[in-house]
$ cat data_17.cif   # mmCIF, C-alpha atoms and all ligand atoms
data_structure
#
loop_
_atom_site.label_atom_id
_atom_site.label_comp_id
_atom_site.auth_asym_id
_atom_site.auth_seq_id
_atom_site.Cartn_x
_atom_site.Cartn_y
_atom_site.Cartn_z
CA MET A 1 18.28 -5.12 -17.18
CA ARG A 2 14.61 -4.59 -17.93
CA ASP A 3 12.32 -2.47 -15.79
CA ALA A 4 10.06 -4.23 -13.26
CA TYR A 5 6.86 -2.35 -12.45
CA ILE A 6 4.87 -2.55 -9.26
CA VAL A 7 1.25 -2.33 -10.31
CA THR A 8 -0.58 -3.25 -7.09
CA SER A 9 0.57 -3.29 -3.47
CA LEU A 10 -1.86 -4.16 -0.68
CA ARG A 11 -1.99 -5.32 2.90
CA THR A 12 -4.42 -6.73 5.41
CA PRO A 13 -4.89 -4.84 8.66
CA GLY A 14 -2.29 -5.65 11.33
CA CYS A 15 -3.94 -7.26 14.35
CA ARG A 16 -2.60 -7.94 17.83
CA ARG A 17 -1.03 -11.33 18.50
CA ALA A 18 -3.33 -13.62 20.53
CA LYS A 19 -5.59 -10.70 21.59
CA GLY A 20 -6.56 -9.24 18.23
CA SER A 21 -9.04 -9.83 15.43
CA PHE A 22 -6.95 -12.44 13.56
CA LYS A 23 -6.24 -14.66 16.57
CA ASP A 24 -8.44 -17.42 15.16
CA THR A 25 -7.61 -16.85 11.48
CA ARG A 26 -5.02 -19.20 10.04
CA PRO A 27 -2.06 -17.64 8.20
CA GLU A 28 -2.95 -19.57 5.03
CA ASP A 29 -6.31 -17.77 4.97
CA LEU A 30 -4.80 -14.32 5.51
CA LEU A 31 -2.24 -14.84 2.78
CA GLY A 32 -4.71 -16.46 0.38
CA PHE A 33 -7.07 -13.54 0.80
CA ILE A 34 -4.49 -10.85 0.10
CA LEU A 35 -3.07 -12.72 -2.92
CA ASN A 36 -6.57 -12.94 -4.41
CA ALA A 37 -7.22 -9.29 -3.59
CA ALA A 38 -3.98 -8.29 -5.35
CA VAL A 39 -5.00 -10.18 -8.49
CA GLU A 40 -8.59 -8.86 -8.42
CA ARG A 41 -7.43 -5.25 -8.01
CA THR A 42 -5.03 -5.46 -10.96
CA PRO A 43 -6.99 -4.74 -14.15
CA ASN A 44 -7.11 -7.66 -16.61
CA LEU A 45 -4.77 -9.82 -14.52
CA GLU A 46 -5.71 -13.49 -14.33
CA LYS A 47 -4.16 -15.93 -11.89
CA LYS A 48 -2.86 -18.06 -14.73
CA PHE A 49 -0.68 -15.14 -15.94
CA VAL A 50 1.35 -15.20 -12.70
CA ASP A 51 4.66 -17.01 -13.06
CA ASP A 52 5.72 -17.32 -9.41
CA VAL A 53 4.72 -16.17 -5.91
CA MET A 54 7.50 -15.31 -3.45
CA ILE A 55 6.44 -14.85 0.17
CA GLY A 56 8.43 -13.63 3.15
CA CYS A 57 7.93 -15.42 6.46
CA SER A 58 10.20 -15.20 9.50
CA PHE A 59 9.19 -18.43 11.22
CA PRO A 60 8.06 -20.70 8.39
CA GLU A 61 6.93 -23.65 10.49
CA ALA A 62 3.74 -25.27 11.84
CA GLU A 63 0.66 -23.49 10.43
CA GLN A 64 2.85 -21.26 8.23
CA GLY A 65 5.39 -23.97 7.36
CA LEU A 66 5.81 -26.48 4.53
CA ASN A 67 6.51 -23.72 1.96
CA ILE A 68 3.42 -21.66 2.66
CA ALA A 69 3.89 -19.72 -0.61
CA ARG A 70 3.28 -22.84 -2.69
CA LEU A 71 0.55 -24.19 -0.44
CA VAL A 72 -1.39 -20.96 -0.47
CA THR A 73 -1.21 -20.34 -4.21
CA GLN A 74 -3.01 -23.67 -4.57
CA ILE A 75 -5.44 -23.06 -1.68
CA ALA A 76 -6.24 -19.64 -3.15
CA GLY A 77 -7.09 -21.13 -6.52
CA PHE A 78 -4.04 -20.32 -8.65
CA PRO A 79 -3.50 -22.91 -11.42
CA VAL A 80 -1.12 -25.74 -10.58
CA GLU A 81 1.54 -24.23 -12.88
CA VAL A 82 1.91 -21.14 -10.65
CA SER A 83 4.89 -21.91 -8.40
CA GLY A 84 5.69 -20.50 -4.97
CA ALA A 85 8.71 -19.99 -2.71
CA THR A 86 9.02 -18.94 0.92
CA VAL A 87 11.75 -16.40 1.66
CA ASN A 88 13.34 -15.73 5.03
CA ARG A 89 15.53 -12.85 6.17
CA PHE A 90 13.60 -12.33 9.40
CA CYS A 91 12.21 -8.78 9.58
CA SER A 92 13.05 -7.89 5.98
CA SER A 93 11.63 -11.13 4.51
CA GLY A 94 8.68 -9.36 2.87
CA ILE A 95 10.80 -6.81 1.00
CA GLU A 96 13.37 -9.51 0.25
CA ALA A 97 10.57 -11.45 -1.49
CA ILE A 98 9.48 -8.33 -3.43
CA ALA A 99 13.12 -7.67 -4.43
CA LEU A 100 13.56 -11.26 -5.63
CA ALA A 101 10.29 -11.05 -7.55
CA SER A 102 11.42 -7.75 -9.15
CA LEU A 103 14.82 -9.19 -10.04
CA ARG A 104 13.23 -12.12 -11.85
CA VAL A 105 11.26 -9.70 -14.01
CA MET A 106 14.30 -7.44 -14.48
CA ALA A 107 16.42 -10.41 -15.59
CA GLY A 108 13.80 -11.49 -18.11
CA TRP A 109 13.22 -14.77 -16.27
CA SER A 110 9.59 -13.96 -15.49
CA GLU A 111 6.90 -11.62 -16.79
CA ILE A 112 4.59 -11.40 -13.77
CA VAL A 113 5.56 -12.30 -10.20
CA ILE A 114 3.84 -11.62 -6.88
CA GLY A 115 6.02 -10.77 -3.87
CA GLY A 116 4.60 -10.54 -0.38
CA GLY A 117 4.72 -11.59 3.23
CA ILE A 118 2.84 -13.45 5.92
CA GLU A 119 3.25 -13.81 9.65
CA SER A 120 0.79 -15.03 12.21
CA MET A 121 2.60 -14.39 15.47
CA THR A 122 -0.46 -15.90 17.19
CA TYR A 123 -0.03 -19.28 15.54
CA VAL A 124 3.79 -19.30 15.43
CA PRO A 125 5.46 -17.31 18.23
CA MET A 126 8.62 -15.26 17.69
CA GLY A 127 11.56 -17.64 17.97
CA GLY A 128 9.51 -20.53 16.63
CA ASN A 129 8.01 -23.43 18.51
CA MET A 130 11.25 -25.22 19.20
CA PRO A 131 14.43 -23.11 18.96
CA ARG A 132 17.52 -25.32 19.15
CA PRO A 133 20.70 -23.17 19.33
CA HIS A 134 23.92 -25.03 18.58
CA PRO A 135 25.42 -26.10 21.93
CA GLU A 136 29.07 -25.26 21.13
CA HIS A 137 28.63 -22.27 18.83
CA THR A 138 26.33 -20.53 21.31
CA LYS A 139 29.30 -20.31 23.69
CA LYS A 140 31.44 -18.51 21.12
CA HIS A 141 28.61 -16.43 19.62
CA PRO A 142 26.01 -15.86 22.33
CA ASP A 143 25.35 -12.45 20.78
CA LEU A 144 23.78 -14.15 17.75
CA TYR A 145 20.99 -15.33 20.02
CA THR A 146 20.43 -12.08 21.94
CA SER A 147 16.74 -11.41 22.59
CA MET A 148 15.41 -8.58 20.46
CA GLY A 149 14.34 -6.63 23.55
CA ILE A 150 17.87 -6.76 24.97
CA THR A 151 19.29 -5.48 21.67
CA ALA A 152 16.90 -2.52 22.04
CA GLU A 153 18.15 -1.95 25.59
CA ASN A 154 21.75 -2.11 24.32
CA VAL A 155 21.04 0.56 21.69
CA ALA A 156 19.32 2.78 24.28
CA LYS A 157 22.23 2.47 26.72
CA ARG A 158 25.15 2.64 24.27
CA TYR A 159 23.78 5.59 22.30
CA LYS A 160 22.01 7.36 25.16
CA ILE A 161 18.46 7.25 23.87
CA SER A 162 16.43 8.37 26.89
CA ARG A 163 13.21 6.79 28.13
CA GLU A 164 11.49 10.15 27.63
CA ASP A 165 12.52 10.27 23.97
CA GLN A 166 11.41 6.67 23.41
CA ASP A 167 8.01 7.37 24.95
CA ALA A 168 7.57 10.61 23.00
CA PHE A 169 8.34 8.70 19.79
CA ALA A 170 5.82 5.97 20.73
CA PHE A 171 3.18 8.59 21.48
CA GLN A 172 3.70 10.11 18.01
CA SER A 173 3.41 6.69 16.37
CA HIS A 174 -0.02 6.11 17.92
CA ALA A 175 -1.18 9.70 17.32
CA LYS A 176 -0.21 9.60 13.63
CA ALA A 177 -1.74 6.15 13.09
CA ALA A 178 -4.97 7.14 14.83
CA GLU A 179 -5.26 10.28 12.71
CA ALA A 180 -4.52 8.41 9.47
CA THR A 181 -7.16 5.80 10.35
CA ALA A 182 -9.76 8.46 11.13
CA LYS A 183 -9.00 10.20 7.82
CA LYS A 184 -9.05 6.86 5.92
CA LEU A 185 -5.52 7.42 4.62
CA PHE A 186 -4.46 3.76 4.69
CA THR A 187 -5.63 3.26 1.12
CA GLU A 188 -3.41 0.16 0.79
CA LEU A 189 -5.41 -1.64 3.50
CA VAL A 190 -8.00 -4.16 2.32
CA PRO A 191 -10.84 -5.07 4.73
CA THR A 192 -10.10 -8.71 5.42
CA PRO A 193 -12.28 -11.67 6.43
CA ALA A 194 -11.45 -13.24 9.78
CA ALA A 195 -12.70 -16.24 11.71
CA LYS A 196 -14.05 -16.47 15.23
CA PHE A 197 -15.34 -19.42 17.22
CA VAL A 198 -18.72 -18.70 18.78
CA LEU A 199 -20.12 -20.79 21.65
CA GLN A 200 -23.44 -22.40 20.71
CA LYS A 201 -26.33 -23.40 22.98
CA ASP A 202 -25.31 -27.04 22.76
CA GLY A 203 -21.85 -26.20 24.13
CA ALA A 204 -20.08 -26.64 20.79
CA TYR A 205 -18.12 -23.86 19.05
CA LYS A 206 -19.11 -22.76 15.56
CA LYS A 207 -16.65 -21.03 13.24
CA GLU A 208 -18.10 -17.73 12.00
CA ALA A 209 -16.73 -15.09 9.65
CA PHE A 210 -16.45 -11.35 10.20
CA THR A 211 -14.59 -8.53 8.46
CA VAL A 212 -11.64 -6.64 9.93
CA GLU A 213 -11.38 -3.09 8.62
CA TYR A 214 -8.71 -1.49 10.83
CA ASP A 215 -5.33 -2.11 12.43
CA ASP A 216 -6.44 -3.09 15.90
CA GLY A 217 -3.29 -2.26 17.89
CA ILE A 218 -3.62 1.52 17.55
CA ARG A 219 -4.27 3.14 20.94
CA ALA A 220 -5.74 6.53 20.10
CA ASP A 221 -5.89 7.37 23.82
CA THR A 222 -2.14 6.94 24.34
CA THR A 223 -0.55 9.69 26.42
CA VAL A 224 3.08 10.39 27.25
CA GLU A 225 2.12 10.19 30.94
CA GLY A 226 0.52 6.76 30.46
CA LEU A 227 3.56 5.48 28.58
CA ALA A 228 5.88 6.77 31.33
CA LYS A 229 4.08 4.57 33.89
CA LEU A 230 4.86 1.29 32.06
CA ARG A 231 7.57 -0.87 33.56
CA PRO A 232 10.57 -2.02 31.48
CA VAL A 233 9.94 -5.49 30.06
CA PHE A 234 13.39 -6.80 29.20
CA ALA A 235 15.74 -5.40 31.90
CA ALA A 236 14.88 -4.25 35.43
CA ASP A 237 16.98 -1.08 35.03
CA GLY A 238 16.01 -0.63 31.39
CA SER A 239 13.87 1.76 29.39
CA VAL A 240 12.19 -0.49 26.79
CA THR A 241 8.51 -1.13 27.59
CA ALA A 242 5.42 -2.65 25.97
CA GLY A 243 4.53 0.93 24.99
CA ASN A 244 7.73 1.83 23.13
CA SER A 245 8.30 -1.59 21.46
CA SER A 246 6.74 -2.76 18.22
CA GLN A 247 3.64 -4.86 18.73
CA THR A 248 3.62 -8.55 17.95
CA THR A 249 1.09 -8.87 15.16
CA ASP A 250 -0.70 -11.03 12.58
CA GLY A 251 -0.88 -9.81 8.98
CA ALA A 252 -0.24 -10.42 5.29
CA ALA A 253 0.67 -8.27 2.27
CA ALA A 254 1.09 -8.73 -1.48
CA THR A 255 2.64 -6.78 -4.37
CA VAL A 256 2.17 -7.53 -8.08
CA ILE A 257 5.23 -6.90 -10.25
CA MET A 258 5.32 -7.11 -14.04
CA SER A 259 7.44 -6.35 -17.10
CA GLU A 260 6.84 -3.34 -19.34
CA ALA A 261 5.48 -5.63 -22.05
CA LYS A 262 2.85 -7.01 -19.64
CA VAL A 263 1.98 -3.54 -18.34
CA LYS A 264 1.19 -2.54 -21.95
CA GLU A 265 -0.55 -5.80 -22.87
CA LEU A 266 -2.87 -5.69 -19.84
CA GLY A 267 -3.34 -1.93 -20.03
CA VAL A 268 -2.30 -1.45 -16.41
CA LYS A 269 -1.12 1.84 -14.92
CA PRO A 270 2.11 1.12 -13.03
CA VAL A 271 2.51 2.60 -9.57
CA ALA A 272 6.25 2.46 -8.94
CA LYS A 273 9.54 0.68 -9.51
CA LEU A 274 11.78 -0.90 -6.91
CA LYS A 275 15.03 0.75 -8.03
CA TYR A 276 17.54 -0.67 -5.56
CA TYR A 277 17.57 -2.95 -2.55
CA THR A 278 20.48 -3.70 -0.25
CA THR A 279 21.35 -5.41 3.00
CA VAL A 280 24.27 -5.05 5.40
CA GLY A 281 25.50 -6.77 8.56
CA CYS A 282 26.04 -5.10 11.94
CA GLN A 283 26.76 -6.28 15.50
CA PRO A 284 24.07 -8.83 16.47
CA ASP A 285 23.71 -7.56 20.05
CA GLU A 286 22.67 -4.12 18.74
CA MET A 287 20.86 -5.26 15.61
CA GLY A 288 18.58 -2.21 15.75
CA VAL A 289 21.28 0.02 14.29
CA GLY A 290 20.83 -1.79 10.92
CA PRO A 291 19.06 1.04 9.03
CA ARG A 292 21.83 3.48 10.03
CA TYR A 293 24.16 1.44 7.76
CA ALA A 294 21.72 0.09 5.19
CA ILE A 295 20.30 3.49 4.15
CA PRO A 296 23.67 5.13 3.31
CA LYS A 297 24.73 1.96 1.46
CA LEU A 298 21.50 2.09 -0.56
CA LEU A 299 21.92 5.78 -1.39
CA ASP A 300 25.54 5.18 -2.45
CA ILE A 301 24.46 2.44 -4.86
CA ALA A 302 21.73 4.71 -6.23
CA GLY A 303 24.03 7.75 -6.45
CA MET A 304 21.55 9.76 -4.42
CA LYS A 305 21.53 11.89 -1.27
CA LEU A 306 19.24 11.87 1.75
CA ALA A 307 17.76 15.14 0.56
CA ASP A 308 16.53 13.41 -2.62
CA ILE A 309 14.24 11.16 -0.59
CA GLY A 310 10.77 12.50 0.09
CA LEU A 311 9.46 9.83 2.47
CA PHE A 312 10.86 7.08 4.66
CA GLU A 313 9.22 4.04 6.22
CA ILE A 314 11.68 2.91 8.88
CA ASN A 315 10.39 -0.06 10.81
CA GLU A 316 9.80 0.80 14.46
CA ALA A 317 11.06 -2.48 15.90
CA PHE A 318 11.75 -0.42 19.00
CA ALA A 319 11.65 3.33 19.59
CA SER A 320 15.28 3.27 20.82
CA GLN A 321 16.71 1.93 17.56
CA ALA A 322 14.42 3.94 15.28
CA ILE A 323 15.36 7.19 17.06
CA TYR A 324 19.06 6.29 16.96
CA CYS A 325 19.02 5.62 13.20
CA VAL A 326 17.04 8.74 12.32
CA ARG A 327 19.30 10.92 14.50
CA GLU A 328 22.59 9.44 13.32
CA LEU A 329 21.62 9.84 9.69
CA GLY A 330 20.17 13.31 10.20
CA ILE A 331 16.86 12.42 8.58
CA ASP A 332 14.10 15.01 8.85
CA MET A 333 11.63 13.36 11.28
CA SER A 334 8.68 14.90 9.40
CA LYS A 335 9.50 12.57 6.48
CA VAL A 336 9.56 9.41 8.62
CA ASN A 337 6.58 7.07 9.14
CA ILE A 338 4.10 9.82 8.41
CA HIS A 339 1.13 7.65 9.38
CA GLY A 340 2.79 5.92 12.31
CA GLY A 341 4.86 2.76 12.48
CA ALA A 342 5.10 -0.65 14.06
CA ILE A 343 4.72 0.68 17.63
CA ALA A 344 1.12 1.50 16.76
CA LEU A 345 0.47 -0.57 13.62
CA GLY A 346 2.35 -3.73 14.56
CA HIS A 347 5.31 -5.66 13.22
CA PRO A 348 4.24 -9.00 11.77
CA LEU A 349 7.91 -10.03 11.27
CA GLY A 350 8.11 -11.72 7.83
CA CYS A 351 5.21 -9.67 6.50
CA THR A 352 6.59 -6.29 7.58
CA GLY A 353 8.80 -5.65 4.55
CA ALA A 354 5.84 -6.25 2.22
CA LYS A 355 3.46 -4.29 4.45
CA LEU A 356 5.80 -1.27 4.55
CA CYS A 357 6.12 -1.39 0.75
CA ALA A 358 2.33 -1.12 0.41
CA THR A 359 2.16 1.69 2.96
CA LEU A 360 5.11 3.62 1.53
CA LEU A 361 3.73 3.50 -2.01
CA ALA A 362 0.30 4.65 -0.80
CA ASN A 363 1.94 7.53 1.07
CA MET A 364 4.13 8.47 -1.91
CA ARG A 365 1.02 8.64 -4.06
CA GLU A 366 -0.87 10.64 -1.44
CA ARG A 367 1.96 13.20 -1.16
CA GLY A 368 3.16 13.08 -4.77
CA VAL A 369 6.65 12.04 -3.68
CA LYS A 370 9.00 10.71 -6.39
CA TYR A 371 11.49 8.77 -4.25
CA GLY A 372 10.81 6.84 -1.05
CA VAL A 373 12.95 4.56 1.10
CA GLU A 374 11.88 1.62 3.24
CA SER A 375 14.30 0.25 5.83
CA MET A 376 14.42 -2.04 8.83
CA CYS A 377 16.72 -3.71 11.30
CA ILE A 378 16.96 -7.49 11.27
CA GLY A 379 17.52 -10.05 14.02
CA GLY A 380 20.99 -11.59 13.99
CA GLY A 381 22.47 -8.17 13.19
CA MET A 382 21.53 -6.76 9.79
CA GLY A 383 19.84 -3.85 8.11
CA ALA A 384 17.93 -3.71 4.82
CA ALA A 385 16.89 -0.75 2.69
CA ALA A 386 14.90 -0.37 -0.53
CA LEU A 387 14.49 2.61 -2.85
CA PHE A 388 11.21 3.08 -4.73
CA GLU A 389 10.52 5.49 -7.59
CA LEU A 390 6.94 6.56 -8.21
CA CYS A 391 5.83 6.30 -11.85
CA ASP A 392 4.47 9.43 -13.55
C1 LIG A 401 7.20 -5.73 24.53
C2 LIG A 401 6.28 -6.93 24.45
C3 LIG A 401 6.93 -8.14 25.17
C4 LIG A 401 4.96 -6.58 25.14
O1 LIG A 401 4.07 -7.63 24.95
P1 LIG A 401 2.58 -7.56 25.54
O2 LIG A 401 2.64 -7.56 27.00
O3 LIG A 401 1.80 -8.64 24.86
O4 LIG A 401 2.16 -6.14 25.02
P2 LIG A 401 0.76 -5.44 24.88
O5 LIG A 401 0.78 -4.64 23.63
O6 LIG A 401 -0.32 -6.45 25.07
O7 LIG A 401 0.75 -4.42 26.10
C5 LIG A 401 0.77 -4.87 27.46
C6 LIG A 401 0.20 -3.79 28.32
O8 LIG A 401 1.01 -2.64 28.28
C7 LIG A 401 0.18 -1.48 28.34
N1 LIG A 401 0.38 -0.67 27.13
C8 LIG A 401 0.86 -1.05 25.92
N2 LIG A 401 0.89 -0.01 25.09
C9 LIG A 401 0.44 1.04 25.75
C10 LIG A 401 0.24 2.40 25.41
N3 LIG A 401 0.52 2.87 24.19
N4 LIG A 401 -0.26 3.23 26.37
C11 LIG A 401 -0.55 2.77 27.60
N5 LIG A 401 -0.39 1.49 27.98
C12 LIG A 401 0.10 0.63 27.04
C13 LIG A 401 -1.24 -1.96 28.47
O9 LIG A 401 -1.56 -2.04 29.84
C14 LIG A 401 -1.19 -3.33 27.88
O10 LIG A 401 -2.15 -4.18 28.39
P3 LIG A 401 -3.61 -4.29 27.65
O11 LIG A 401 -3.38 -4.76 26.26
O12 LIG A 401 -4.33 -5.29 28.46
O13 LIG A 401 -4.20 -2.91 27.67
C15 LIG A 401 6.00 -7.35 22.97
O14 LIG A 401 5.21 -6.36 22.37
C16 LIG A 401 7.28 -7.53 22.20
O15 LIG A 401 7.99 -8.51 22.37
N6 LIG A 401 7.58 -6.57 21.28
C17 LIG A 401 8.79 -6.65 20.49
C18 LIG A 401 8.65 -7.65 19.38
C19 LIG A 401 9.95 -7.89 18.68
O16 LIG A 401 10.99 -8.09 19.28
N7 LIG A 401 9.93 -7.91 17.34
C20 LIG A 401 11.10 -8.10 16.54
C21 LIG A 401 11.87 -6.85 16.51
S1 LIG A 401 13.33 -7.05 15.58
#

$ encode --input "data_17.cif" --output "C-alpha cells"
Amino acid sequence: MRDAYIVTSLRTPGCRRAKGSFKDTRPEDLLGFILNAAVERTPNLEKKFVDDVMIGCSFPEAEQGLNIARLVTQIAGFPVEVSGATVNRFCSSGIEAIALASLRVMAGWSEIVIGGGIESMTYVPMGGNMPRPHPEHTKKHPDLYTSMGITAENVAKRYKISREDQDAFAFQSHAKAAEATAKKLFTELVPTPAAKFVLQKDGAYKKEAFTVEYDDGIRADTTVEGLAKLRPVFAADGSVTAGNSSQTTDGAAATVIMSEAKVKELGVKPVAKLKYYTTVGCQPDEMGVGPRYAIPKLLDIAGMKLADIGLFEINEAFASQAIYCVRELGIDMSKVNIHGGAIALGHPLGCTGAKLCATLLANMRERGVKYGVESMCIGGGMGAAALFELCD
C-alpha cells in the first residue's frame, strides 16, 4: 500500500442548532465554503486536480440530501469531472469519509481526494424528518431504536457514573474550550460566511451575509453549581442534562489527502497520515461505550500501547459515556480533549469525525505529538477509532 498524506484539515465553527449563527445558512453553503477553503489553503492545488470528494452526513435528506457531496462540488465550482459521494455511519461519518478517501489514495486508485463532513441539525433534525422504523423488527429489536439520551442514562446507571462527575466533566469541557478560544488555539477553524434574514422597512426580509469566527455554544460562564441545577432531560430519575450532553450543532469540515507523488509535484508540506481506522459493534442500548472497544482494537491493529498515544479526541456525545470510556481504558485525562469537546463545541453528527480530525491534527502540531487517536460512539451500537501520525 502507498502512503496517503493529509495536507490540509479545516473546519467551520460549530454553531448551535436553531439558536446559533448558522441557523439560516444552508448546509450546501457551509460545505461549499469549507471545501473551497481547503483547496485555497493547499499550496498549488487546483480544483481540477481533485479526483473525488467523500462527505460524511448522518441524515442525508432534505436540504442535505440527494448526494450532497456531488451537489456541493458542483455548486462550489469544482469541474464536472470531480465526483462526490455521501458517506453515512452516523457519528463517525466524517472520519469514515476521510478513511475511505485515504484508502483510495493508498490503493493507488486516486491521487488526490477530499474527505469531510457536513451536518446542519437546524435544517435536518436528529432522526430525520420522517423516521419509519420497521413495524415487526422493532418488536424484536427495540434497542436498535433507543434514543441517544436514554443510552447515556443506561451507561450512567449501569457503570455508576455519578451526576457530579458528569457535571464536573462538562464544566471542564466549557472551561478548556473558552480558554482555547481566548488564546486563539483553534488554528483549524476558518471564519465562515453565514446568512441572516433582516426585516426591511417594507416588511420584507432581505438575506444578508456576516462572518462567524467562533464556536458559539461555548459557555465561558459555566459553573459546576449552575450545571447541578439543570433538570434531567431524558429520564425523570436520571442524571443526563442539557449541560452534560453534547450540543446539537451545525458545521462542516474538510481534509485534503494526496499521494506522495502529488505531495512532491505540488511542493506541499504534509501534516500527517491516517495510519489505521477501525470500527466495532457494541450493545445498541448503551452505544456510548463504543470507544472503550474501538480504541483497544485500533491499538492492537497498530501494534501500539495506550502510552504511545500523546493526544486523544474522544467525542463527548455525553459526559457519562466519555467518562466511562476514559476510566475503563485508564487513559490519562490530561491527554483527552485538551481544548474541550462536544459538550462545549458541539456535535454536528456526520461532520464530527471530520471536525475532530482537524482539531486533533491542530493540537498534535501545537504540542508536537507524534501519535494521536480520535474516537467516538455511534448510534445503533458501535465505536470507531482512528490513529494519526504527525509528519516530521
Ligand atoms: C440535551 C438536549 C436535548 C438539550 O437541548 P436544548 O434544550 O436545545 O439545549 P440547550 O443547549 O439549548 O440548553 C437548554 C438550557 O439548558 C441550560 N444550559 C445548557 N448548558 C448549560 C451550562 N453549561 N450551564 C448552565 N446552563 C446550561 C440553559 O438554560 C439553556 O437554555 P439557554 O440556551 O436559553 O440558555 C440536546 O442538547 C441533545 O439532544 N443533546 C444530545 C444530542 C445527541 O444525542 N447527539 C448524538 C449523540 S450519539

$ residues_near_point --input "data_17.cif" --point "(-5.5, -2.3, 0.0)" --cutoff "9 Å" --atoms "all atoms listed in the file" --output "ChimeraX atom specification"
/A:8-12,34,37-38,41,186-191,253,358

$ closest_residue --input "data_17.cif" --among "A:Gly381, A:Pro60, A:Gly108, A:Gly330" --to "A:Gly127" --atoms "only C-alpha atoms"
A:Pro60

$ residues_near_ligand --input "data_17.cif" --ligand "ligand LIG 401 (chain A)" --cutoff "6 Å" --atoms "all atoms listed in the file" --output "list in words"
Met148, Gly149, Arg219, Thr222, Gly226, Leu227, Thr241, Ala242, Gly243, Ser245, Ser246, Gln247, Thr248, Ala317, Ile378 and Gly379 of chain A

$ closest_residue --input "data_17.cif" --among "A:Tyr205, A:Trp109, A:Tyr123, A:Tyr371" --to "A:Glu28" --atoms "only C-alpha atoms"
A:Tyr123

$ residues_around --input "data_17.cif" --residues "A:Thr146" --least-positions-apart "5" --cutoff "10 Å" --atoms "only C-alpha atoms" --output "count of residues only"
9

$ residues_around --input "data_17.cif" --residues "A:Phe59" --least-positions-apart "3" --cutoff "10 Å" --atoms "all atoms listed in the file" --output "list in words"
Gly56, Ala62, Glu63, Gln64, Gly65, Asn88, Arg89, Phe90, Ile118, Glu119, Ser120, Met121, Val124, Pro125, Met126, Gly127, Gly128, Asn129, Leu349 and Gly350 of chain A

$ closest_residue --input "data_17.cif" --among "A:Leu298, A:Val80, A:Ile55, A:Val113" --to "A:Ala97" --atoms "only C-alpha atoms"
A:Ile55

$ residues_around --input "data_17.cif" --residues "A:Gln321" --least-positions-apart "5" --cutoff "9 Å" --atoms "all atoms listed in the file" --output "list in words"
Thr151, Ala152, Val155, Ala156, Ile161, Glu286, Met287, Gly288, Val289, Gly290, Pro291, Glu316, Val326 and Cys377 of chain A

$ atom_distance --input "data_17.cif" --atom1 "atom CA of A:Pro131" --atom2 "atom CA of A:Phe22"
24.5 Å

$ closest_residue --input "data_17.cif" --among "A:Pro13, A:Lys370, A:Met258, A:Gln172" --to "A:Ile338" --atoms "all atoms listed in the file"
A:Gln172

$ residues_around --input "data_17.cif" --residues "A:Asn363" --least-positions-apart "4" --cutoff "10 Å" --atoms "all atoms listed in the file" --output "list in words"
Leu185, Phe186, Thr187, Glu188, Leu311, Phe312, Glu313, Asn337, Ile338, His339, Cys357, Ala358, Thr359, Arg367, Gly368, Val369 and Gly372 of chain A

$ residues_near_point --input "data_17.cif" --point "(10.8, 8.9, 29.7)" --cutoff "10 Å" --atoms "all atoms listed in the file" --output "compact mmCIF listing (two decimals) with C-alpha atoms, in the coordinates of the input"
# COMPACT_ATOMS: atom_id res chain seq x y z
CA ILE A 161 18.46 7.25 23.87
CA SER A 162 16.43 8.37 26.89
CA ARG A 163 13.21 6.79 28.13
CA GLU A 164 11.49 10.15 27.63
CA ASP A 165 12.52 10.27 23.97
CA GLN A 166 11.41 6.67 23.41
CA ASP A 167 8.01 7.37 24.95
CA ALA A 168 7.57 10.61 23.00
CA VAL A 224 3.08 10.39 27.25
CA GLU A 225 2.12 10.19 30.94
CA LEU A 227 3.56 5.48 28.58
CA ALA A 228 5.88 6.77 31.33
CA LYS A 229 4.08 4.57 33.89
CA LEU A 230 4.86 1.29 32.06
CA SER A 239 13.87 1.76 29.39
CA VAL A 240 12.19 -0.49 26.79

$ atom_distance --input "data_17.cif" --atom1 "atom CA of A:Gly281" --atom2 "atom CA of A:Ala386"
15.4 Å

$ closest_residue --input "data_17.cif" --among "A:Asn154, A:Ser83, A:Ser102, A:Ser375" --to "A:Leu274" --atoms "all atoms listed in the file"
A:Ser102

$ residues_around --input "data_17.cif" --residues "A:Ala272" --least-positions-apart "6" --cutoff "9 Å" --atoms "only C-alpha atoms" --output "PyMOL selection string"
chain A and resi 4-7+361+388-392

$ atom_distance --input "data_17.cif" --atom1 "atom CA of A:Ser173" --atom2 "atom CA of A:Thr249"
15.8 Å

$ closest_residue --input "data_17.cif" --among "A:Gln283, A:Gly94, A:Pro232, A:Ala180" --to "A:Tyr145" --atoms "only C-alpha atoms"
A:Gln283

$ axis_aligned_box --input "data_17.cif" --around "stretch 58-76 of chain A" --padding-each-side "3 Å" --output "JSON"
{"center_x": 2.0, "center_y": -20.8, "center_z": 3.6, "size_x": 22.4, "size_y": 17.3, "size_z": 22.4}

$ build_atoms --input "data_17.cif" --residues "stretch 132-138 of chain A" --atoms "N, CA and C atoms" --output "CSV table (one decimal), in the frame of the given file"
chain,number,residue,atom,x,y,z
A,132,ARG,N,16.5,-24.4,18.7
A,132,ARG,CA,17.5,-25.3,19.2
A,132,ARG,C,18.9,-24.8,18.8
A,133,PRO,N,19.4,-23.7,19.6
A,133,PRO,CA,20.7,-23.2,19.3
A,133,PRO,C,21.8,-24.2,19.4
A,134,HIS,N,22.8,-24.1,18.6
A,134,HIS,CA,23.9,-25.0,18.6
A,134,HIS,C,24.7,-25.0,19.9
A,135,PRO,N,24.9,-26.1,20.6
A,135,PRO,CA,25.4,-26.1,21.9
A,135,PRO,C,26.8,-25.5,22.0
A,136,GLU,N,27.7,-25.8,21.0
A,136,GLU,CA,29.1,-25.3,21.1
A,136,GLU,C,29.1,-23.8,20.6
A,137,HIS,N,28.5,-23.6,19.4
A,137,HIS,CA,28.6,-22.3,18.8
A,137,HIS,C,28.0,-21.2,19.7
A,138,THR,N,27.0,-21.6,20.5
A,138,THR,CA,26.3,-20.5,21.3
A,138,THR,C,27.3,-20.0,22.3
